[in-house]
Structures are given as structure tokens and as C-alpha cells.
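*Asks:* Provided herewith: my_file34.json, JSON, C-alpha atoms.
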```
[["chain", "number", "residue", "atom", "x", "y", "z"],
["A", 1, "MET", "CA", 3.09, 105.65, 70.59],
["A", 2, "THR", "CA", -0.49, 105.91, 69.34],
["A", 3, "PRO", "CA", -0.97, 105.46, 65.60],
["A", 4, "PRO", "CA", -2.49, 108.36, 63.74],
["A", 5, "PRO", "CA", -6.23, 108.17, 63.12],
["A", 6, "ALA", "CA", -7.41, 106.83, 59.79],
["A", 7, "PRO", "CA", -8.75, 109.27, 57.25],
["A", 8, "SER", "CA", -12.49, 109.68, 57.20],
["A", 9, "GLY", "CA", -14.30, 107.35, 54.77],
["A", 10, "THR", "CA", -11.86, 104.53, 55.10],
["A", 11, "THR", "CA", -12.30, 101.22, 56.82],
["A", 12, "VAL", "CA", -9.62, 99.75, 58.95],
["A", 13, "ARG", "CA", -9.19, 95.96, 58.50],
["A", 14, "ALA", "CA", -7.74, 93.94, 61.29],
["A", 15, "ALA", "CA", -4.70, 91.91, 60.35],
["A", 16, "ALA", "CA", -5.54, 88.22, 59.96],
["A", 17, "PRO", "CA", -3.71, 85.91, 62.29],
["A", 18, "ALA", "CA", -0.97, 83.86, 60.74],
["A", 19, "ALA", "CA", -2.27, 80.52, 59.49],
["A", 20, "GLY", "CA", -0.94, 77.51, 61.21],
["A", 21, "PRO", "CA", 0.49, 74.57, 59.40],
["A", 22, "GLY", "CA", -2.34, 72.79, 57.49],
["A", 23, "PRO", "CA", -2.67, 69.11, 56.61],
["A", 24, "ALA", "CA", -0.72, 69.55, 53.38],
["A", 25, "ALA", "CA", 2.10, 71.31, 55.13],
["A", 26, "ARG", "CA", 2.13, 68.77, 57.93],
["A", 27, "ASN", "CA", 2.38, 65.88, 55.42],
["A", 28, "THR", "CA", 5.20, 67.33, 53.29],
["A", 29, "GLY", "CA", 7.79, 65.70, 55.42],
["A", 30, "ARG", "CA", 6.28, 62.28, 55.24],
["A", 31, "ALA", "CA", 7.64, 59.89, 52.55],
["A", 32, "ARG", "CA", 4.93, 58.25, 50.44],
["A", 33, "THR", "CA", 5.55, 54.62, 49.60],
["A", 34, "ALA", "CA", 3.42, 52.75, 47.02],
["A", 35, "ARG", "CA", 2.05, 49.44, 48.11],
["A", 36, "PRO", "CA", 3.52, 46.60, 46.04],
["A", 37, "ALA", "CA", 1.07, 44.72, 43.86],
["A", 38, "GLY", "CA", -0.09, 41.43, 45.26],
["A", 39, "PRO", "CA", 0.34, 38.07, 43.51],
["A", 40, "GLY", "CA", -3.25, 38.09, 42.27],
["A", 41, "LEU", "CA", -2.86, 41.47, 40.61],
["A", 42, "ARG", "CA", 0.42, 40.43, 38.99],
["A", 43, "ILE", "CA", -1.14, 37.27, 37.56],
["A", 44, "ALA", "CA", -4.09, 39.24, 36.21],
["A", 45, "SER", "CA", -1.72, 41.80, 34.69],
["A", 46, "THR", "CA", 0.31, 39.07, 33.02],
["A", 47, "ALA", "CA", -2.81, 37.38, 31.63],
["A", 48, "LEU", "CA", -4.13, 40.65, 30.22],
["A", 49, "THR", "CA", -0.73, 41.41, 28.69],
["A", 50, "ILE", "CA", -0.67, 38.04, 26.94],
["A", 51, "LEU", "CA", -4.25, 38.43, 25.72],
["A", 52, "ALA", "CA", -3.58, 41.93, 24.39],
["A", 53, "ALA", "CA", -0.43, 40.77, 22.57],
["A", 54, "LEU", "CA", -2.32, 37.85, 21.00],
["A", 55, "LEU", "CA", -5.31, 39.91, 19.88],
["A", 56, "LEU", "CA", -3.16, 42.69, 18.50],
["A", 57, "GLY", "CA", -0.87, 40.22, 16.75],
["A", 58, "PHE", "CA", -3.79, 38.33, 15.21],
["A", 59, "VAL", "CA", -5.46, 41.48, 13.89],
["A", 60, "VAL", "CA", -2.23, 42.85, 12.44],
["A", 61, "ASP", "CA", -1.22, 39.49, 10.96],
["A", 62, "ALA", "CA", -4.58, 38.60, 9.40],
["A", 63, "GLY", "CA", -5.44, 42.10, 8.28],
["A", 64, "LEU", "CA", -2.09, 43.40, 7.04],
["A", 65, "LEU", "CA", 0.97, 41.19, 7.29],
["A", 66, "SER", "CA", -0.62, 38.15, 5.63],
["A", 67, "HIS", "CA", -1.35, 40.25, 2.53],
["A", 68, "ILE", "CA", 2.19, 41.60, 2.46],
["A", 69, "ARG", "CA", 3.59, 38.09, 2.85],
["A", 70, "HIS", "CA", 1.38, 36.78, 0.06],
["A", 71, "ALA", "CA", 2.51, 39.55, -2.28],
["A", 72, "ARG", "CA", 6.15, 38.71, -1.52],
["A", 73, "ASP", "CA", 5.60, 34.96, -1.99],
["A", 74, "ARG", "CA", 3.74, 35.52, -5.25],
["A", 75, "GLN", "CA", 6.57, 37.63, -6.64],
["A", 76, "VAL", "CA", 9.24, 35.10, -5.64],
["A", 77, "ASP", "CA", 7.27, 32.09, -6.87],
["A", 78, "TYR", "CA", 6.39, 33.77, -10.15],
["A", 79, "ALA", "CA", 10.03, 34.55, -10.86],
["A", 80, "THR", "CA", 10.99, 30.93, -10.10],
["A", 81, "LEU", "CA", 8.19, 29.40, -12.17],
["A", 82, "ARG", "CA", 8.82, 31.77, -15.05],
["A", 83, "GLY", "CA", 12.38, 30.48, -15.24],
["A", 84, "ASP", "CA", 11.17, 26.87, -15.10],
["A", 85, "LEU", "CA", 8.70, 27.52, -17.94],
["A", 86, "ALA", "CA", 11.37, 29.22, -20.04],
["A", 87, "ASN", "CA", 13.82, 26.36, -19.49],
["A", 88, "GLY", "CA", 11.22, 23.67, -20.15],
["A", 89, "VAL", "CA", 11.51, 22.07, -16.71],
["A", 90, "ALA", "CA", 8.09, 23.01, -15.33],
["A", 91, "PRO", "CA", 5.84, 20.05, -14.40],
["A", 92, "VAL", "CA", 3.72, 18.67, -17.23],
["A", 93, "GLY", "CA", 1.71, 16.33, -15.01],
["A", 94, "THR", "CA", 1.04, 15.38, -11.43],
["A", 95, "ALA", "CA", 4.21, 13.27, -11.29],
["A", 96, "ALA", "CA", 7.83, 14.39, -11.11],
["A", 97, "ALA", "CA", 10.94, 13.11, -12.84],
["A", 98, "ALA", "CA", 11.76, 9.42, -13.09],
["A", 99, "GLN", "CA", 13.33, 7.58, -10.21],
["A", 100, "SER", "CA", 14.17, 4.32, -11.87],
["A", 101, "PRO", "CA", 12.55, 2.20, -14.58],
["A", 102, "GLY", "CA", 9.31, 0.70, -13.35],
["A", 103, "ALA", "CA", 9.31, 2.54, -10.00],
["A", 104, "GLY", "CA", 6.74, 4.92, -8.54],
["A", 105, "ALA", "CA", 3.05, 4.79, -7.74],
["A", 106, "ALA", "CA", 1.95, 7.39, -10.28],
["A", 107, "GLY", "CA", 3.25, 5.48, -13.28],
["A", 108, "PRO", "CA", 6.36, 3.76, -14.66],
["A", 109, "GLY", "CA", 9.48, 5.47, -13.46],
["A", 110, "VAL", "CA", 7.77, 8.50, -11.87],
["A", 111, "LYS", "CA", 6.99, 9.78, -8.40],
["A", 112, "PRO", "CA", 4.29, 12.20, -7.21],
["A", 113, "LEU", "CA", 5.07, 15.89, -7.05],
["A", 114, "LYS", "CA", 5.96, 17.22, -3.62],
["A", 115, "PRO", "CA", 3.28, 19.29, -1.85],
["A", 116, "GLY", "CA", 3.92, 22.96, -2.49],
["A", 117, "ALA", "CA", 5.63, 22.43, -5.85],
["A", 118, "LEU", "CA", 5.09, 25.22, -8.38],
["A", 119, "LEU", "CA", 2.78, 24.10, -11.18],
["A", 120, "ALA", "CA", 1.30, 26.88, -13.28],
["A", 121, "VAL", "CA", 0.17, 30.52, -13.56],
["A", 122, "LEU", "CA", -3.53, 31.28, -13.21],
["A", 123, "SER", "CA", -4.69, 34.45, -14.98],
["A", 124, "ILE", "CA", -8.25, 35.85, -14.68],
["A", 125, "PRO", "CA", -8.31, 39.18, -16.58],
["A", 126, "GLU", "CA", -11.84, 40.15, -15.50],
["A", 127, "LEU", "CA", -10.73, 40.12, -11.85],
["A", 128, "HIS", "CA", -7.13, 41.31, -12.38],
["A", 129, "VAL", "CA", -5.94, 38.05, -10.83],
["A", 130, "ARG", "CA", -2.53, 36.60, -11.66],
["A", 131, "GLU", "CA", -1.47, 33.90, -9.22],
["A", 132, "VAL", "CA", 1.03, 31.07, -9.06],
["A", 133, "LEU", "CA", -0.55, 27.64, -8.68],
["A", 134, "HIS", "CA", 0.94, 25.18, -6.15],
["A", 135, "GLU", "CA", 0.54, 21.45, -5.67],
["A", 136, "GLY", "CA", -1.65, 20.68, -2.65],
["A", 137, "THR", "CA", -4.46, 22.41, -0.79],
["A", 138, "THR", "CA", -3.53, 22.42, 2.91],
["A", 139, "ALA", "CA", -3.90, 25.65, 4.88],
["A", 140, "ARG", "CA", -0.14, 26.20, 4.87],
["A", 141, "ILE", "CA", 0.15, 25.76, 1.10],
["A", 142, "LEU", "CA", -2.85, 28.00, 0.39],
["A", 143, "ALA", "CA", -1.16, 30.71, 2.48],
["A", 144, "ARG", "CA", 1.28, 31.11, -0.44],
["A", 145, "GLY", "CA", -1.41, 31.11, -3.14],
["A", 146, "PRO", "CA", -3.96, 28.93, -4.97],
["A", 147, "GLY", "CA", -3.46, 25.19, -4.75],
["A", 148, "HIS", "CA", -4.23, 22.24, -7.03],
["A", 149, "ARG", "CA", -6.09, 19.31, -5.51],
["A", 150, "ARG", "CA", -3.84, 16.30, -5.80],
["A", 151, "ASP", "CA", -6.68, 13.88, -6.63],
["A", 152, "THR", "CA", -7.52, 15.74, -9.87],
["A", 153, "PRO", "CA", -5.68, 16.08, -13.21],
["A", 154, "LEU", "CA", -3.50, 19.05, -14.02],
["A", 155, "PRO", "CA", -5.29, 22.00, -15.72],
["A", 156, "GLY", "CA", -5.36, 21.61, -19.48],
["A", 157, "GLN", "CA", -5.72, 17.83, -19.31],
["A", 158, "ALA", "CA", -8.81, 15.64, -19.67],
["A", 159, "GLY", "CA", -11.07, 15.40, -16.64],
["A", 160, "VAL", "CA", -12.19, 17.81, -13.92],
["A", 161, "SER", "CA", -9.34, 19.77, -12.35],
["A", 162, "VAL", "CA", -9.86, 21.60, -9.05],
["A", 163, "ILE", "CA", -8.10, 24.75, -7.83],
["A", 164, "MET", "CA", -8.70, 26.07, -4.31],
["A", 165, "ALA", "CA", -7.68, 29.42, -2.81],
["A", 166, "ARG", "CA", -8.45, 31.69, 0.13],
["A", 167, "GLN", "CA", -11.22, 34.23, 0.24],
["A", 168, "ALA", "CA", -9.97, 36.83, 2.75],
["A", 169, "THR", "CA", -6.62, 36.06, 4.40],
["A", 170, "TYR", "CA", -3.19, 35.95, 2.72],
["A", 171, "GLY", "CA", -4.15, 38.20, -0.14],
["A", 172, "GLY", "CA", -7.59, 36.67, -0.69],
["A", 173, "PRO", "CA", -6.84, 35.56, -4.29],
["A", 174, "PHE", "CA", -10.41, 34.25, -4.87],
["A", 175, "ARG", "CA", -12.23, 37.04, -3.01],
["A", 176, "HIS", "CA", -14.17, 38.10, -6.12],
["A", 177, "ILE", "CA", -14.56, 34.93, -8.19],
["A", 178, "GLY", "CA", -18.29, 35.06, -7.42],
["A", 179, "ASP", "CA", -18.43, 38.09, -9.74],
["A", 180, "LEU", "CA", -17.59, 35.93, -12.77],
["A", 181, "HIS", "CA", -20.38, 35.27, -15.25],
["A", 182, "ALA", "CA", -21.08, 32.61, -17.84],
["A", 183, "GLY", "CA", -18.96, 33.30, -20.90],
["A", 184, "ASP", "CA", -16.04, 34.92, -19.09],
["A", 185, "THR", "CA", -12.67, 33.40, -19.98],
["A", 186, "PHE", "CA", -9.42, 32.86, -18.13],
["A", 187, "SER", "CA", -6.25, 30.84, -18.67],
["A", 188, "VAL", "CA", -3.79, 28.56, -16.89],
["A", 189, "THR", "CA", -0.21, 28.41, -18.16],
["A", 190, "THR", "CA", 1.51, 25.08, -17.46],
["A", 191, "GLY", "CA", 4.58, 23.31, -18.80],
["A", 192, "GLN", "CA", 2.33, 22.00, -21.61],
["A", 193, "GLY", "CA", 1.26, 25.45, -22.79],
["A", 194, "VAL", "CA", -1.69, 27.78, -22.19],
["A", 195, "ALA", "CA", -5.02, 26.15, -21.28],
["A", 196, "ARG", "CA", -8.02, 28.42, -21.90],
["A", 197, "TYR", "CA", -11.32, 28.07, -20.06],
["A", 198, "ARG", "CA", -14.82, 29.55, -20.45],
["A", 199, "VAL", "CA", -17.01, 29.95, -17.36],
["A", 200, "ILE", "CA", -20.26, 28.00, -17.50],
["A", 201, "GLY", "CA", -21.66, 28.98, -14.10],
["A", 202, "VAL", "CA", -21.21, 29.99, -10.48],
["A", 203, "ARG", "CA", -22.75, 27.78, -7.78],
["A", 204, "ARG", "CA", -23.05, 27.90, -4.02],
["A", 205, "SER", "CA", -24.03, 25.33, -1.44],
["A", 206, "GLY", "CA", -27.22, 23.60, -2.55],
["A", 207, "ASP", "CA", -27.06, 24.68, -6.21],
["A", 208, "PRO", "CA", -27.28, 21.93, -8.87],
["A", 209, "GLN", "CA", -24.07, 20.60, -10.35],
["A", 210, "PRO", "CA", -23.22, 21.22, -14.00],
["A", 211, "SER", "CA", -23.90, 18.64, -16.66],
["A", 212, "ALA", "CA", -21.62, 15.62, -16.88],
["A", 213, "LEU", "CA", -18.33, 16.20, -18.66],
["A", 214, "PRO", "CA", -18.04, 14.33, -22.01],
["A", 215, "ALA", "CA", -15.25, 11.79, -22.25],
["A", 216, "GLY", "CA", -11.92, 13.24, -23.34],
["A", 217, "GLN", "CA", -12.87, 16.83, -22.43],
["A", 218, "GLY", "CA", -11.52, 19.08, -19.69],
["A", 219, "ARG", "CA", -13.12, 21.20, -17.01],
["A", 220, "LEU", "CA", -11.78, 23.36, -14.17],
["A", 221, "THR", "CA", -13.52, 24.20, -10.88],
["A", 222, "LEU", "CA", -12.38, 27.15, -8.77],
["A", 223, "ILE", "CA", -13.29, 26.77, -5.08],
["A", 224, "THR", "CA", -13.24, 29.23, -2.18],
["A", 225, "ALA", "CA", -15.35, 30.21, 0.84],
["A", 226, "SER", "CA", -18.61, 32.09, 0.41],
["A", 227, "GLY", "CA", -20.21, 34.71, 2.63],
["A", 228, "THR", "CA", -18.74, 37.59, 4.62],
["A", 229, "PRO", "CA", -14.92, 37.66, 4.79],
["A", 230, "PHE", "CA", -13.64, 35.95, 7.98],
["A", 231, "MET", "CA", -17.21, 34.65, 8.56],
["A", 232, "PRO", "CA", -17.76, 32.04, 5.81],
["A", 233, "SER", "CA", -21.21, 30.60, 5.35],
["A", 234, "GLY", "CA", -20.43, 27.92, 2.79],
["A", 235, "ILE", "CA", -18.41, 27.03, -0.29],
["A", 236, "LEU", "CA", -18.39, 28.89, -3.62],
["A", 237, "ARG", "CA", -17.57, 27.09, -6.87],
["A", 238, "VAL", "CA", -16.96, 28.42, -10.38],
["A", 239, "ASP", "CA", -17.09, 25.84, -13.19],
["A", 240, "ALA", "CA", -15.38, 26.44, -16.53],
["A", 241, "ASP", "CA", -14.97, 24.20, -19.58],
["A", 242, "LEU", "CA", -11.68, 23.80, -21.41],
["A", 243, "VAL", "CA", -11.91, 25.45, -24.83],
["A", 244, "SER", "CA", -8.31, 24.92, -25.94],
["A", 245, "GLN", "CA", -6.68, 21.68, -27.01],
["A", 246, "VAL", "CA", -6.72, 18.90, -24.43],
["A", 247, "GLN", "CA", -3.21, 17.91, -23.34],
["A", 248, "PRO", "CA", -2.12, 14.37, -22.46],
["A", 249, "GLY", "CA", -1.64, 13.58, -18.80],
["A", 250, "ASP", "CA", -1.15, 10.84, -16.26],
["A", 251, "ALA", "CA", -3.53, 9.65, -13.58],
["A", 252, "PRO", "CA", -3.66, 11.66, -10.33],
["A", 253, "PRO", "CA", -1.24, 10.24, -7.76],
["A", 254, "VAL", "CA", -3.89, 10.34, -5.02],
["A", 255, "ALA", "CA", -7.30, 8.68, -5.24],
["A", 256, "PRO", "CA", -10.29, 10.82, -4.12],
["A", 257, "GLU", "CA", -10.98, 8.52, -1.17],
["A", 258, "ALA", "CA", -7.31, 8.68, -0.12],
["A", 259, "LEU", "CA", -7.06, 12.49, -0.10],
["A", 260, "PRO", "CA", -6.03, 13.63, 3.42],
["A", 261, "ALA", "CA", -8.73, 15.41, 5.39],
["A", 262, "ASP", "CA", -6.66, 18.60, 5.73],
["A", 263, "GLU", "CA", -6.66, 19.06, 1.92],
["A", 264, "LYS", "CA", -10.44, 19.15, 1.52],
["A", 265, "PRO", "CA", -12.52, 22.36, 1.38],
["A", 266, "MET", "CA", -12.77, 24.26, 4.67],
["A", 267, "ALA", "CA", -10.37, 21.82, 6.34],
["A", 268, "VAL", "CA", -8.06, 22.66, 9.24],
["A", 269, "GLU", "CA", -4.40, 21.61, 9.22],
["A", 270, "GLY", "CA", -4.04, 19.06, 12.01],
["A", 271, "ASP", "CA", -0.28, 19.31, 12.58],
["A", 272, "GLY", "CA", -0.34, 23.07, 13.17],
["A", 273, "TRP", "CA", -0.99, 22.74, 16.91],
["A", 274, "LEU", "CA", 2.59, 21.86, 17.90],
["A", 275, "PRO", "CA", 4.30, 25.10, 16.75],
["A", 276, "LEU", "CA", 1.40, 27.08, 18.18],
["A", 277, "VAL", "CA", 1.83, 25.47, 21.60],
["A", 278, "LEU", "CA", 5.62, 25.95, 21.58],
["A", 279, "TRP", "CA", 5.47, 29.61, 20.58],
["A", 280, "GLY", "CA", 2.61, 30.15, 23.02],
["A", 281, "GLN", "CA", 4.80, 28.84, 25.83],
["A", 282, "GLY", "CA", 7.53, 31.26, 24.77],
["A", 283, "LEU", "CA", 5.05, 34.14, 24.93],
["A", 284, "LEU", "CA", 3.90, 33.02, 28.38],
["A", 285, "LEU", "CA", 7.46, 32.85, 29.70],
["A", 286, "ALA", "CA", 8.30, 36.27, 28.23],
["A", 287, "ALA", "CA", 5.24, 37.85, 29.85],
["A", 288, "ALA", "CA", 6.09, 36.27, 33.21],
["A", 289, "ALA", "CA", 9.69, 37.49, 32.97],
["A", 290, "LEU", "CA", 8.55, 41.02, 32.19],
["A", 291, "THR", "CA", 6.19, 40.96, 35.17],
["A", 292, "TRP", "CA", 9.14, 40.07, 37.40],
["A", 293, "ALA", "CA", 11.31, 42.72, 35.71],
["A", 294, "GLN", "CA", 8.70, 45.40, 36.37],
["A", 295, "VAL", "CA", 9.23, 44.92, 40.11],
["A", 296, "ARG", "CA", 13.04, 45.02, 39.78],
["A", 297, "TRP", "CA", 13.56, 47.63, 37.08],
["A", 298, "GLY", "CA", 10.46, 49.79, 37.12],
["A", 299, "ARG", "CA", 7.57, 50.16, 34.74],
["A", 300, "ARG", "CA", 9.20, 52.48, 32.20],
["A", 301, "GLN", "CA", 12.34, 50.40, 31.70],
["A", 302, "THR", "CA", 10.32, 47.20, 31.49],
["A", 303, "TRP", "CA", 8.02, 48.56, 28.79],
["A", 304, "VAL", "CA", 10.96, 49.75, 26.72],
["A", 305, "VAL", "CA", 12.35, 46.20, 26.66],
["A", 306, "GLY", "CA", 9.08, 44.30, 26.76],
["A", 307, "VAL", "CA", 6.92, 45.91, 24.08],
["A", 308, "PRO", "CA", 9.13, 44.86, 21.11],
["A", 309, "LEU", "CA", 9.58, 41.36, 22.54],
["A", 310, "LEU", "CA", 5.87, 40.82, 23.17],
["A", 311, "ALA", "CA", 5.00, 42.29, 19.76],
["A", 312, "VAL", "CA", 7.26, 39.85, 17.92],
["A", 313, "LEU", "CA", 6.12, 36.83, 19.92],
["A", 314, "GLY", "CA", 2.49, 37.89, 19.59],
["A", 315, "LEU", "CA", 2.81, 38.09, 15.80],
["A", 316, "VAL", "CA", 4.46, 34.68, 15.60],
["A", 317, "VAL", "CA", 1.80, 33.06, 17.78],
["A", 318, "ALA", "CA", -0.96, 34.83, 15.84],
["A", 319, "ASP", "CA", 0.48, 33.62, 12.52],
["A", 320, "ASN", "CA", 0.54, 30.03, 13.75],
["A", 321, "ALA", "CA", -3.02, 30.46, 15.02],
["A", 322, "ALA", "CA", -4.07, 31.74, 11.59],
["A", 323, "GLN", "CA", -2.73, 28.51, 10.07],
["A", 324, "LEU", "CA", -5.41, 26.68, 12.07],
["A", 325, "LEU", "CA", -8.22, 28.57, 10.36],
["A", 326, "PRO", "CA", -10.11, 26.77, 7.56],
["A", 327, "ASN", "CA", -7.96, 26.62, 4.44],
["A", 328, "LEU", "CA", -10.42, 28.65, 2.31],
["A", 329, "MET", "CA", -10.79, 31.64, 4.67]]
```
Taking this structure as input, can you express it in the form of C-alpha cells?
*Replies:*
Amino acid sequence: MTPPPAPSGTTVRAAAPAAGPGPAARNTGRARTARPAGPGLRIASTALTILAALLLGFVVDAGLLSHIRHARDRQVDYATLRGDLANGVAPVGTAAAAQSPGAGAAGPGVKPLKPGALLAVLSIPELHVREVLHEGTTARILARGPGHRRDTPLPGQAGVSVIMARQATYGGPFRHIGDLHAGDTFSVTTGQGVARYRVIGVRRSGDPQPSALPAGQGRLTLITASGTPFMPSGILRVDADLVSQVQPGDAPPVAPEALPADEKPMAVEGDGWLPLVLWGQGLLLAAAALTWAQVRWGRRQTWVVGVPLLAVLGLVVADNAAQLLPNLM
């Protein structure tokens, strides 16, 4: 039967032939299999994972967690020292309680204070600084707060006392001591009472030293790093003379020439490598195990388990690495 003619003015389009199966349609039935990563790619992935965990852990630890830890340590130490001061058992010199009559290197019947012992409270009103002073100046001790050099007398006593603290990390207690000016005052509260000091000058590397201290008088020197935070260019010192009554004291238990190298300004703690190596090995093993688990479990499941583990290990390794930085940073 012949189809009726089309109305005038209209165009008749021929029906397009049915399209055959294209490449996409032909490939729908084929199963796609991902090529497994080779050993070289897995090693590179593991190395980058370790590096990322270390860098992230170091930035978070140095920039945030170290300040939080310092605030916690300061609060705990202040509460402890406040009780010792109230009960009259706070140290009144660089030597501890008697061992036996005639024993001890620091004097008859005494022994040196242990490194890290709580000594005093340093208060600088102009800078809103209130810190607990510890015995010793290693990097690990200065992570808790300012430290007293063991080859100098206790603040408030005759002679030149030295207090060192960090500039940027772990709260940066001495970040702004360079803003002090001659005539500013601050105090140090010890078991002997409150010692008051008046600043006589701020000096950097190459500046002349202050005039010699008269016999029987006291002076205190605050020391930290100078320059940009985390990029020190030298050492900053603030000298202040004792203006309150001089308190009696014993000789320092450590001679200046016998002071360990890791307690001097900008020193690095030598025994901090062992924990760093051990925790670093733990991080390496964890990264290798997660690389193996990614092949067995899949990427998503591995990341769910691996991210918290790598984060914790990265923070621990970064914290031990931070202990190897100069003690005044």
C-alpha cells in the first residue's frame, strides 16, 4: 500500500539507520582491572607518608602543642611550688637537704639540687610574665619553663645569677625580654623571700658587658635567643641589679668550667638522639605495615586505621626532634 503524499510545504526526512554498537557499548562487558602498584611506587608512597607525618607533627607540636604543654606544666609546677613556699620547704640555696654530717660536695652535710627541681617564681609585670624557675638549663628542662644555671648563685644572693629560657617554642617565656628598658623592675620569689631587681641594660652579641659587680652585691642576667623566632641570630641578655636585701647562700655546686656543654646557651641536648631513633623506627614500621594493609584491605579501610596511628607517632617523633633544637629557641 502506497503511503499518502505529504502535505505541500513540508519536508520528508529519511529515517536514520539504527546505530551499531559503538566502542563504549562494546567495552561494557569487559571487566576493568587496576594494575597493582610496583615495589618502587610503594616505597615512594611509604617515604612520602612518613615525611608528611613528620612535617605535620613538627609544625603542630612546635606551633601549638608545645605552648599548651608549657601552660599545663606551668600551672602544675606553680601549684607545687606555692605549697612548698607556704610550708617553708622550698630550696634556699643550690644544695638540698643534708645527707649526713660532713658529706656532700656543695658543703657540709648537703648535696646538690636535682636537675629540674622547682626553685622560685619569676615575675616581670611589664611583660605579663609569671614563670616557675627550675634548676638546670638543658633543652628538656627549659621545655617546662625558665631554668637557673647551676654554676651561678640562687637569685637574691650575692654574685651574678643567670636565668635562661626559650624565645619561641614551649610558650616562649622570654620572647619579649628585649622590650625591657633600664629602670624597669621585676622580682624573683624564693624560699628566702622576694628578691627585687632593677634592669640596667639590654645587650646583644658584641655589646659591651656591664660594669663589674661590687663585692657582696647581687645581679641577675636573663638570657634567651635573639632574632626572628625559630631563626635565632645570636644571644640576648638583660642585666639587672639586686635592689633588695642580699640573702646568704652557699657556693654553686658546679664550677663554671665543669658545667656540661648541653647546659650552655644555644646548646643541644646530646642524649636526645636515642628516643628519637626508637620512635622513628616505630613510625617507619607503622608506615610499612599500612602500605602492606592497603594492598590487603583497600585504601579507604587503611586510611581509617592509619591516619590516627601515623598522627600520634608523628607527633611523638616531632616532639623528640624538637628536644634536639637549641635550648634557647
*Asks:* Excluding same-chain residues fewer than 3 positions from A:Gly193, what lies within 9 Å of it counting only C-alpha atoms, as a PyMOL selection string?
*Replies:* chain A and resi 156+188-190+247
*Asks:* With distances taken over all atoms listed in the file, which of A:Arg150, A:Arg72, A:Arg237, A:His67 is nearest to A:Pro112?
*Replies:*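 Result for the nearest residue to A:Pro112: A:Arg150.
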*Asks:* Nearest residue to A:Asp241 out of A:Gly159, A:Pro265, A:Pro229, A:Pro173, using all atoms listed in the file?
*Replies:*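 Using all atoms listed in the file, the shortest distance to A:Asp241 belongs to A:Gly159.
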*Asks:* If I take atom CA of A:Val312 and atom CA of A:Arg296, how far is one from the other in Å, to one decimal?
*Replies:*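 Atom CA of A:Val312 sits 23.2 Å away from atom CA of A:Arg296.
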*Asks:* Between atom CA of A:Gly178 and atom CA of A:Asp77, what distance in Å does the model show, to one decimal?
*Replies:*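 Answer for the atom CA of A:Gly178 to atom CA of A:Asp77 separation: 25.7 Å.
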*Asks:* Measuring atom to atom with all atoms listed in the file, identify which of A:Gln281, A:Leu290, A:Leu65, A:Pro125 is nearest to A:Leu309.
*Replies:*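 Ranking A:Gln281, A:Leu290, A:Leu65, A:Pro125 by distance to A:Leu309, first place goes to A:Leu290.
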*Asks:* Record the distance separating atom CA of A:Gly201 and atom CA of A:Val92, expressed in Å with one decimal.
*Replies:*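 About the pair atom CA of A:Gly201 and atom CA of A:Val92: they are 27.6 Å apart.
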*Asks:* Would you mind telling me which residue in A:Ala287, A:Ala293, A:Leu142, A:Leu119 lies nearest to A:Thr80 when using all atoms listed in the file?
*Replies:*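 So, comparing all the options, the nearest one is A:Leu119.
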*Asks:* Give, as AutoDock Vina command-line options, the centre coordinates and the x, y and z edge lengths in Å to one decimal for an axis-aligned box around all listed atoms of stretch 155-167 of chain A, padded by 8 Å on each side.
*Replies:*
```
--center_x -8.7 --center_y 24.8 --center_z -9.7 --size_x 22.9 --size_y 34.8 --size_z 35.9
```
*Asks:* Contacts of A:Thr137 at 8 Å or less, counting all atoms listed in the file, minus same-chain residues fewer than 5 places along, as a ChimeraX atom specification?
*Replies:* /A:142,146-150,164-165,262-264,327
*Asks:* Give me the residues near A:Leu236 as a PyMOL selection string, where near means some atom within 9 Å (using all atoms listed in the file) and where sequence neighbours in that chain fewer than 2 positions away do not count.
*Replies:* chain A and resi 177-178+202-205+222-227+234+238
*Asks:* Given the choices A:Gly298, A:Ala261, A:Trp279, A:Gln209, which gets closest to A:Leu315 if the distance is worked out from only C-alpha atoms?
*Replies:*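 Residue with the minimum atom-to-atom distance to A:Leu315: A:Trp279.
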*Asks:* Using only C-alpha atoms, which of the listed residues (A:Thr138, A:Gln245, A:Thr302, A:Thr169) sits closest to A:Ile68?
*Replies:*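 Residue with the minimum atom-to-atom distance to A:Ile68: A:Thr169.
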